[in-house]
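Novice: One file: target_8.cif (mmCIF, C-alpha atoms and all ligand atoms).
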data_protein
#
loop_
_atom_site.label_atom_id
_atom_site.label_comp_id
_atom_site.auth_asym_id
_atom_site.auth_seq_id
_atom_site.Cartn_x
_atom_site.Cartn_y
_atom_site.Cartn_z
CA MET A 232 25.24 -25.13 54.77
CA SER A 233 23.01 -25.86 51.79
CA THR A 234 24.66 -25.35 48.40
CA THR A 235 21.39 -25.31 46.46
CA THR A 236 18.82 -22.52 46.82
CA ARG A 237 19.96 -20.27 49.61
CA THR A 238 18.10 -17.59 51.46
CA ALA A 239 19.38 -14.29 52.75
CA ILE A 240 18.43 -11.18 54.68
CA VAL A 241 20.30 -8.00 53.71
CA THR A 242 19.74 -5.09 56.08
CA GLY A 243 19.91 -1.62 54.55
CA GLY A 244 19.52 -3.21 51.12
CA ALA A 245 17.28 -0.51 49.64
CA GLN A 246 20.18 1.47 48.20
CA GLY A 247 23.94 1.85 47.90
CA ILE A 248 26.23 -1.02 48.89
CA GLY A 249 23.33 -3.02 50.32
CA ARG A 250 21.42 -2.89 47.05
CA ALA A 251 24.51 -4.14 45.17
CA ILE A 252 24.82 -7.03 47.65
CA VAL A 253 21.13 -7.92 47.15
CA ALA A 254 21.58 -7.89 43.36
CA ARG A 255 24.74 -10.01 43.60
CA LEU A 256 23.10 -12.65 45.81
CA ALA A 257 19.97 -12.70 43.62
CA ARG A 258 22.20 -13.27 40.59
CA ASP A 259 23.43 -16.43 42.32
CA GLY A 260 19.82 -17.64 42.47
CA MET A 261 19.20 -16.81 46.10
CA GLN A 262 15.94 -15.70 47.64
CA VAL A 263 16.66 -12.39 49.35
CA VAL A 264 14.72 -10.25 51.81
CA ILE A 265 15.70 -6.59 51.85
CA ALA A 266 15.22 -5.31 55.42
CA ASP A 267 15.34 -1.53 55.50
CA ARG A 268 13.82 1.30 57.48
CA ASN A 269 12.86 2.91 54.16
CA GLU A 270 10.26 0.32 53.20
CA ASP A 271 9.07 2.12 50.06
CA ALA A 272 12.60 2.30 48.67
CA ALA A 273 13.16 -1.33 49.64
CA GLU A 274 9.98 -2.35 47.74
CA GLN A 275 11.13 -0.41 44.68
CA THR A 276 14.59 -1.94 44.81
CA ALA A 277 13.16 -5.44 45.20
CA ALA A 278 10.91 -4.90 42.19
CA GLY A 279 13.66 -3.35 40.10
CA ILE A 280 16.55 -5.76 40.50
CA ALA A 281 17.16 -6.86 36.97
CA GLY A 282 17.16 -10.57 36.32
CA ALA A 283 15.65 -11.44 39.66
CA GLY A 284 12.69 -13.81 39.44
CA LYS A 285 9.35 -12.30 40.37
CA ASP A 286 9.36 -13.44 43.96
CA SER A 287 13.06 -13.93 44.58
CA VAL A 288 13.65 -10.48 46.11
CA THR A 289 11.12 -9.03 48.54
CA ALA A 290 11.11 -6.27 51.14
CA LEU A 291 10.39 -5.86 54.83
CA GLY A 292 10.50 -2.72 56.95
CA VAL A 293 12.79 -2.67 59.97
CA ASP A 294 14.54 -0.25 62.27
CA VAL A 295 17.70 -2.07 63.35
CA SER A 296 18.03 0.26 66.35
CA ASP A 297 14.82 -1.20 67.83
CA ARG A 298 14.79 -4.75 69.22
CA SER A 299 11.08 -5.43 68.78
CA SER A 300 11.26 -4.22 65.17
CA VAL A 301 14.26 -6.51 64.51
CA GLU A 302 12.56 -9.53 66.09
CA ALA A 303 9.38 -8.96 64.07
CA MET A 304 11.39 -8.58 60.83
CA VAL A 305 13.42 -11.74 61.46
CA ALA A 306 10.28 -13.76 62.31
CA SER A 307 8.59 -12.55 59.08
CA ALA A 308 11.69 -13.30 57.01
CA ILE A 309 11.99 -16.82 58.44
CA GLU A 310 8.34 -17.47 57.61
CA ARG A 311 8.65 -16.04 54.12
CA LEU A 312 11.93 -17.76 53.26
CA GLY A 313 11.31 -21.01 55.14
CA GLY A 314 14.62 -20.53 56.98
CA VAL A 315 17.57 -18.15 56.72
CA ASP A 316 21.03 -19.25 55.49
CA ILE A 317 22.70 -15.83 55.26
CA LEU A 318 22.52 -12.51 57.06
CA VAL A 319 24.30 -9.43 55.77
CA ASN A 320 24.42 -6.71 58.43
CA ASN A 321 24.82 -3.71 56.15
CA ALA A 322 22.40 -1.07 57.51
CA GLY A 323 24.33 1.88 58.80
CA ILE A 324 24.56 5.63 59.10
CA MET A 325 27.75 7.51 58.31
CA ASP A 326 27.03 10.80 60.10
CA ARG A 327 30.08 12.81 61.11
CA ALA A 328 30.62 15.43 63.81
CA SER A 329 33.63 16.94 65.54
CA PHE A 330 34.70 15.15 68.71
CA LEU A 331 34.55 18.36 70.79
CA GLU A 332 31.03 19.19 69.62
CA MET A 333 29.40 15.75 69.46
CA ASP A 334 26.55 15.30 71.96
CA ASP A 335 25.23 12.14 73.60
CA TYR A 336 22.26 11.95 71.25
CA PHE A 337 24.51 11.92 68.17
CA TRP A 338 26.87 9.35 69.70
CA GLN A 339 24.07 7.02 70.79
CA ARG A 340 22.19 7.23 67.47
CA VAL A 341 25.26 6.15 65.51
CA LEU A 342 26.21 3.40 67.98
CA GLU A 343 22.60 2.16 68.29
CA THR A 344 22.19 1.85 64.53
CA ASN A 345 25.58 0.56 63.44
CA LEU A 346 26.92 -1.50 66.34
CA SER A 347 23.82 -2.42 68.34
CA GLY A 348 21.87 -2.99 65.12
CA THR A 349 24.51 -5.52 64.03
CA PHE A 350 24.34 -7.18 67.47
CA ARG A 351 20.52 -7.37 67.48
CA CYS A 352 20.09 -8.66 63.92
CA GLY A 353 23.07 -11.01 64.33
CA GLN A 354 21.72 -12.45 67.57
CA ALA A 355 18.13 -12.89 66.29
CA VAL A 356 19.25 -14.63 63.09
CA ALA A 357 21.99 -16.69 64.78
CA ARG A 358 19.48 -18.02 67.32
CA HIS A 359 17.34 -19.20 64.40
CA MET A 360 20.33 -20.71 62.56
CA ALA A 361 21.56 -22.52 65.69
CA GLU A 362 18.11 -23.98 66.38
CA ARG A 363 17.63 -24.97 62.75
CA GLY A 364 20.94 -26.83 62.70
CA LYS A 365 21.91 -26.14 59.08
CA GLY A 366 24.74 -23.69 59.72
CA GLY A 367 24.93 -20.33 58.04
CA ARG A 368 26.95 -17.28 57.13
CA ILE A 369 26.85 -13.84 58.70
CA VAL A 370 28.60 -10.96 56.95
CA ASN A 371 29.01 -7.72 58.88
CA VAL A 372 29.78 -4.51 57.00
CA ALA A 373 32.56 -2.65 58.81
CA SER A 374 34.64 0.20 57.37
CA ASN A 375 38.15 1.58 56.97
CA SER A 376 37.04 3.94 59.74
CA GLY A 377 36.89 1.01 62.16
CA ILE A 378 40.55 0.26 61.44
CA PHE A 379 42.10 3.72 61.73
CA GLY A 380 41.05 7.09 63.09
CA GLY A 381 39.46 9.78 60.95
CA ARG A 382 38.34 13.36 61.44
CA GLY A 383 34.68 13.62 62.41
CA ARG A 384 34.43 9.87 62.89
CA ALA A 385 34.56 9.41 66.67
CA ALA A 386 31.14 7.75 66.82
CA TYR A 387 31.19 6.17 63.36
CA GLY A 388 34.73 4.79 63.74
CA ALA A 389 33.99 3.43 67.22
CA SER A 390 30.83 1.75 65.91
CA LYS A 391 32.76 0.09 63.09
CA ALA A 392 35.70 -0.91 65.32
CA GLY A 393 33.08 -2.46 67.62
CA ILE A 394 31.66 -4.40 64.68
CA ILE A 395 35.13 -5.82 63.93
CA ASN A 396 35.55 -7.08 67.50
CA LEU A 397 31.96 -8.34 67.63
CA THR A 398 32.66 -10.30 64.42
CA GLN A 399 35.54 -12.07 66.15
CA THR A 400 33.51 -13.06 69.21
CA MET A 401 30.51 -14.13 67.13
CA ALA A 402 32.85 -16.32 65.07
CA ILE A 403 34.19 -18.00 68.20
CA GLU A 404 30.81 -18.62 69.82
CA LEU A 405 28.91 -19.61 66.68
CA ALA A 406 31.52 -21.97 65.18
CA GLU A 407 29.99 -24.98 66.97
CA TYR A 408 26.79 -24.36 64.98
CA ASP A 409 28.70 -24.14 61.68
CA ILE A 410 27.84 -20.45 61.46
CA LEU A 411 30.79 -18.57 59.96
CA VAL A 412 30.98 -14.85 60.71
CA ASN A 413 33.18 -12.42 58.79
CA ALA A 414 33.27 -8.76 57.92
CA VAL A 415 33.95 -6.74 54.80
CA ALA A 416 35.50 -3.32 55.42
CA PRO A 417 34.80 -0.99 52.50
CA GLY A 418 36.92 2.02 51.75
CA PRO A 419 35.43 5.16 50.17
CA THR A 420 32.72 3.89 47.83
CA LYS A 421 30.70 5.93 45.35
CA THR A 422 27.08 5.22 46.17
CA LYS A 423 25.44 8.47 45.09
CA ALA A 424 25.29 10.18 41.70
CA ASP A 425 26.13 13.60 43.19
CA GLN A 426 29.40 12.40 44.75
CA PRO A 427 32.51 13.73 42.97
CA ASP A 428 34.21 11.29 40.62
CA GLU A 429 37.50 11.34 42.52
CA PRO A 430 38.06 10.88 46.26
CA TRP A 431 39.42 13.84 48.22
CA PRO A 432 43.18 14.39 47.70
CA SER A 433 43.78 13.52 51.38
CA VAL A 434 42.31 10.09 50.63
CA ALA A 435 43.59 9.56 47.08
CA THR A 436 47.22 10.23 48.00
CA ARG A 437 47.10 7.38 50.51
CA MET A 438 45.23 4.97 48.28
CA PRO A 439 47.23 2.85 45.81
CA LEU A 440 44.23 2.48 43.47
CA LYS A 441 43.39 6.22 43.80
CA ARG A 442 39.67 5.97 43.07
CA TYR A 443 36.31 5.32 44.70
CA GLY A 444 35.18 1.74 44.99
CA ARG A 445 31.97 0.74 43.26
CA PRO A 446 29.20 -0.88 45.32
CA GLU A 447 29.47 -3.96 43.10
CA GLU A 448 33.11 -4.38 44.13
CA ILE A 449 32.14 -4.49 47.80
CA ALA A 450 29.31 -6.88 46.94
CA GLU A 451 31.76 -9.36 45.37
CA VAL A 452 33.64 -9.67 48.66
CA ALA A 453 30.42 -9.95 50.67
CA ALA A 454 29.13 -12.63 48.27
CA PHE A 455 32.27 -14.72 48.79
CA LEU A 456 32.00 -14.42 52.58
CA ALA A 457 28.32 -15.46 52.32
CA SER A 458 29.03 -18.48 50.13
CA PRO A 459 29.74 -22.15 50.86
CA ALA A 460 33.14 -21.50 49.18
CA CYS A 461 34.03 -19.53 52.29
CA SER A 462 34.43 -22.62 54.45
CA PHE A 463 37.63 -22.08 56.48
CA THR A 464 37.59 -18.33 57.06
CA THR A 465 35.78 -17.03 60.10
CA GLY A 466 36.18 -14.02 62.36
CA HIS A 467 38.15 -12.08 59.76
CA VAL A 468 37.83 -8.70 58.16
CA ILE A 469 38.49 -8.35 54.45
CA SER A 470 39.11 -4.81 53.32
CA ALA A 471 37.81 -3.74 49.92
CA ASP A 472 39.43 -0.33 49.88
CA GLY A 473 41.85 0.13 46.98
CA GLY A 474 44.69 -0.51 49.41
CA PHE A 475 43.84 2.49 51.63
CA THR A 476 44.49 0.72 54.94
CA ILE A 477 47.80 -0.88 53.93
CA SER A 478 49.53 2.19 52.57
CA GLY A 479 52.64 3.62 54.16
CA ILE A 480 55.29 5.45 52.19
CA MET A 481 53.69 6.20 48.83
CA GLU A 482 56.51 8.10 47.10
CA GLY A 483 60.24 8.64 47.24
N1 LIG B 501 29.74 4.36 51.15
C1 LIG B 501 30.94 4.25 51.70
O1 LIG B 501 31.90 4.92 51.29
C2 LIG B 501 31.15 3.29 52.85
C3 LIG B 501 32.48 3.09 53.30
C4 LIG B 501 32.69 2.20 54.34
C5 LIG B 501 31.62 1.53 54.92
N2 LIG B 501 30.34 1.77 54.49
C6 LIG B 501 29.25 1.05 55.15
O2 LIG B 501 28.48 0.34 54.19
C7 LIG B 501 27.13 0.28 54.61
C8 LIG B 501 26.23 0.84 53.51
O3 LIG B 501 26.67 2.14 53.18
P1 LIG B 501 26.04 2.97 51.96
O4 LIG B 501 27.04 3.96 51.54
O5 LIG B 501 25.45 2.05 50.98
O6 LIG B 501 24.87 3.74 52.77
P2 LIG B 501 23.48 4.33 52.29
O7 LIG B 501 23.18 5.47 53.19
O8 LIG B 501 23.46 4.55 50.81
O9 LIG B 501 22.46 3.12 52.61
C9 LIG B 501 22.23 2.72 53.93
C10 LIG B 501 20.92 1.98 53.98
O10 LIG B 501 20.70 1.61 55.37
C11 LIG B 501 19.36 1.93 55.72
N3 LIG B 501 19.28 2.20 57.16
C12 LIG B 501 19.87 3.23 57.85
N4 LIG B 501 19.53 3.18 59.14
C13 LIG B 501 18.71 2.10 59.29
C14 LIG B 501 18.02 1.53 60.40
N5 LIG B 501 18.07 2.08 61.63
N6 LIG B 501 17.29 0.41 60.20
C15 LIG B 501 17.20 -0.14 58.95
N7 LIG B 501 17.81 0.37 57.87
C16 LIG B 501 18.56 1.47 58.03
C17 LIG B 501 19.01 3.16 54.88
O11 LIG B 501 17.61 3.34 54.75
C18 LIG B 501 19.72 2.84 53.57
O12 LIG B 501 18.88 2.11 52.68
C19 LIG B 501 27.04 1.07 55.92
O13 LIG B 501 27.13 0.17 57.01
C20 LIG B 501 28.27 1.96 55.86
O14 LIG B 501 28.73 2.33 57.13
C21 LIG B 501 30.08 2.63 53.46
#
For this file, write the structure as C-alpha cells.
Specialist:
Amino acid sequence: MSTTTRTAIVTGGAQGIGRAIVARLARDGMQVVIADRNEDAAEQTAAGIAGAGKDSVTALGVDVSDRSSVEAMVASAIERLGGVDILVNNAGIMDRASFLEMDDYFWQRVLETNLSGTFRCGQAVARHMAERGKGGRIVNVASNSGIFGGRGRAAYGASKAGIINLTQTMAIELAEYDILVNAVAPGPTKTKADQPDEPWPSVATRMPLKRYGRPEEIAEVAAFLASPACSFTTGHVISADGGFTISGIMEG
C-alpha cells in the first residue's frame, strides 16, 4: 500500500462520525470522497472541512442499499481519485423498534443499509483494489450493539453483528491481495448538538469512562486501521467505547 498520497472513500461522511473520519484522513493529506445519500450535506461538508486543500475532499451521492447506485459511485470515485486505497464503510441507520412490534419492512431497511450496504461497497471497492494490485485498507464501522444485545436493537444489533463476521471473512479472502479489513466498534457517541451531555444512567453505570465518545475519538481508531501503520492486524474489531463492552462488576 502506498505511503505517499492516499485516496479514500468514506460512506456516510456528510455528518457525525463519518464527517470526523473524513476530516481526520484529510488532515493526513489524503484525497477523500464523501459518499452519502444526502448529497447536499456531503457537498457542504466537503467544502467546509477546515484545512483541507480545495480539491482534496469532494462529494458523491450514493444509496448504499442500492447496488447500481453503489457501482456508479465507486466507478466515479475511481475515476476522480485515480484509484482507491481506502474504503471506510460508515453509512448506517440506527433506528430502533421493539422486537415484538418490528415489521419486515423495518428489519429489511436496517439490514439492507447497514449490513448489505457494507457488503456491496466492500465488494465493489475490493474488486477494484484486487485488480489494481496495490493492496488497500477497508474499515467497517460496527457498534457495541453488534457485540451484545440491547433493547430495541434486534435489527440494528443483528446488522452490526453481521458486519463483524463479514469483516472476518473479508479479511481471510482479501489477504492475498494485501487488502487488510478491520472494524471499529463505537460505543455511545455524541454526534448531535441536541443529545444530552451525559449518557443514560443504564449506560453510564456500565461504562468505566462514564461519558459519550466524541466523533474525533472514533476517527482516530479508524485512521489507524486505514493506515500503512496497521500492517499486521486484519479481521479484528477494535472497540472505541469507554470500556462499555468489557465491564463486569463495577462496584463492591
Ligand atoms: N453515534 C453513535 O452513538 C454510534 C454508536 C455505534 C455505532 N455507530 C455507527 O457509526 C456510523 C455513523 O453513525 P453516526 O452517529 O455518525 O450517524 P449519522 O446519522 O449522524 O450519520 C450517518 C450518515 O450516513 C448517511 N446514510 C444513511 N443511510 C445511507 C444510505 N442508504 N446510503 C448512503 N448514506 C447513508 C446519512 O445521510 C448520514 O450522513 C453508523 O454506521 C452507526 O451505526 C454510531
Novice: Which residue out of A:Gln262, A:Thr464, A:Thr276, A:Asn320 has the minimum interatomic distance to Val356 (chain A) when all atoms listed in the file are used?
Specialist: A:Asn320
Novice: Nearest residue to ligand LIG 501 (chain B) out of A:Asp267, A:Asp316, A:Asp334, A:Asp409, using all atoms listed in the file?
Specialist: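 Among A:Asp267, A:Asp316, A:Asp334, A:Asp409, it is A:Asp267 that comes nearest to ligand LIG 501 (chain B).
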Novice: When distances are computed from only C-alpha atoms, which of A:Glu429, A:Asp326, A:Glu447, A:Asp472 shows the smallest separation from Ala251 (chain A)?
Specialist: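 Nearest candidate to Ala251 (chain A) out of A:Glu429, A:Asp326, A:Glu447, A:Asp472: A:Glu447.
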Novice: Work out how far atom C1 of ligand LIG 501 (chain B) is from CA of Arg237 (chain A), in Å to one decimal.
Specialist: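 Those two atoms sit 26.9 Å apart.
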Novice: Would you mind listing the residues within 7 Å of ligand LIG 501 (chain B), counting only C-alpha atoms and all ligand atoms, as a PyMOL selection string?
Specialist: chain A and resi 242-249+266-269+293-296+321-325+344-345+372-375+416-422
Novice: Give me the residues within 10 Å of region 473-478 of chain A as a PyMOL selection string, counting all atoms listed in the file and dropping any in the same chain fewer than 5 places off.
Specialist: chain A and resi 375-376+378-379+416-420+434-444
Novice: Could you jot down the CA of His467 (chain A) to CA of Thr349 (chain A) separation for me, Å, one decimal place?
Specialist: 15.7 Å
Novice: When you draw a straight line from CA of Trp431 (chain A) to CA of Arg340 (chain A), how long is it in Å?
Specialist: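 According to the coordinates, CA of Trp431 (chain A) and CA of Arg340 (chain A) are separated by 26.7 Å.
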Novice: My list of candidates is A:Met261, A:Val241, A:Met401, A:Ala386. Which is closest to Glu343 (chain A) when distances are computed with only C-alpha atoms?
Specialist: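 Comparing A:Met261, A:Val241, A:Met401, A:Ala386 against Glu343 (chain A), the winner is A:Ala386.
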Novice: Show which residues sit within 8 Å of Ala454 (chain A), as a compact mmCIF listing (two decimals) with C-alpha atoms, keeping the file's coordinate frame. Count all atoms listed in the file, and ignore same-chain residues fewer than 5 positions away.
Specialist:
# COMPACT_ATOMS: atom_id res chain seq x y z
CA ILE A 252 24.82 -7.03 47.65
CA ARG A 255 24.74 -10.01 43.60
CA LEU A 256 23.10 -12.65 45.81
Novice: Would you mind listing what lies within 9 Å of Val288 (chain A) as a PyMOL selection string, with only C-alpha atoms counted and same-chain residues fewer than 3 positions away left out?
Specialist: chain A and resi 253-254+257+261-265+276-278+280+283-285
Novice: Counting all atoms listed in the file, what are the residues of region 342-400 of chain A within 10 Å of region 302-307 of chain A, and for each of them which pair of atoms is the nearest and at what distance in Å, to one decimal? Sort the table by chain and rising number, as CSV.
Specialist:
residue,atom,partner,partner_atom,distance
A:Arg351,CA,A:Glu302,CA,8.4
A:Cys352,CA,A:Val305,CA,7.7
A:Gln354,CA,A:Glu302,CA,9.7
A:Ala355,CA,A:Glu302,CA,6.5
A:Val356,CA,A:Val305,CA,6.7
A:His359,CA,A:Val305,CA,8.9
Novice: From the options A:Leu405, A:Ala392, A:Ile240, A:Ala385, which residue's atoms come nearest to Gln339 (chain A), counting only C-alpha atoms?
Specialist: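 Checking each of A:Leu405, A:Ala392, A:Ile240, A:Ala385 against Gln339 (chain A), counting only C-alpha atoms, the winner is A:Ala385.
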Novice: Would you compute the box with edges along x, y and z of the file around region 407-424 of chain A, including every atom the file lists for it and 5 Å extra on each side, and give its centre and edge lengths in Å to one decimal, as AutoDock Vina command-line options?
Specialist:
--center_x 31.1 --center_y -7.4 --center_z 54.3 --size_x 21.6 --size_y 45.2 --size_z 35.3
Novice: Skip Gly393 (chain A) itself and residues of its chain fewer than 4 positions away, then list as a PyMOL selection string all residues within 10 Å of it, counting all atoms listed in the file.
Specialist: chain A and resi 342+345-347+349-350+373+377+387-389+397-398
Novice: Could you pull the residues within 8 Å of Gly466 (chain A), counting all atoms listed in the file, minus those fewer than 6 positions along the same chain, as a PyMOL selection string?
Specialist: chain A and resi 398-403+411-414
Novice: Between A:Ile369, A:Lys391, A:Gly383, A:Asp428, which is the closest to Ala406 (chain A) once you count only C-alpha atoms?
Specialist: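 The answer is A:Ile369, which sits nearest to Ala406 (chain A).
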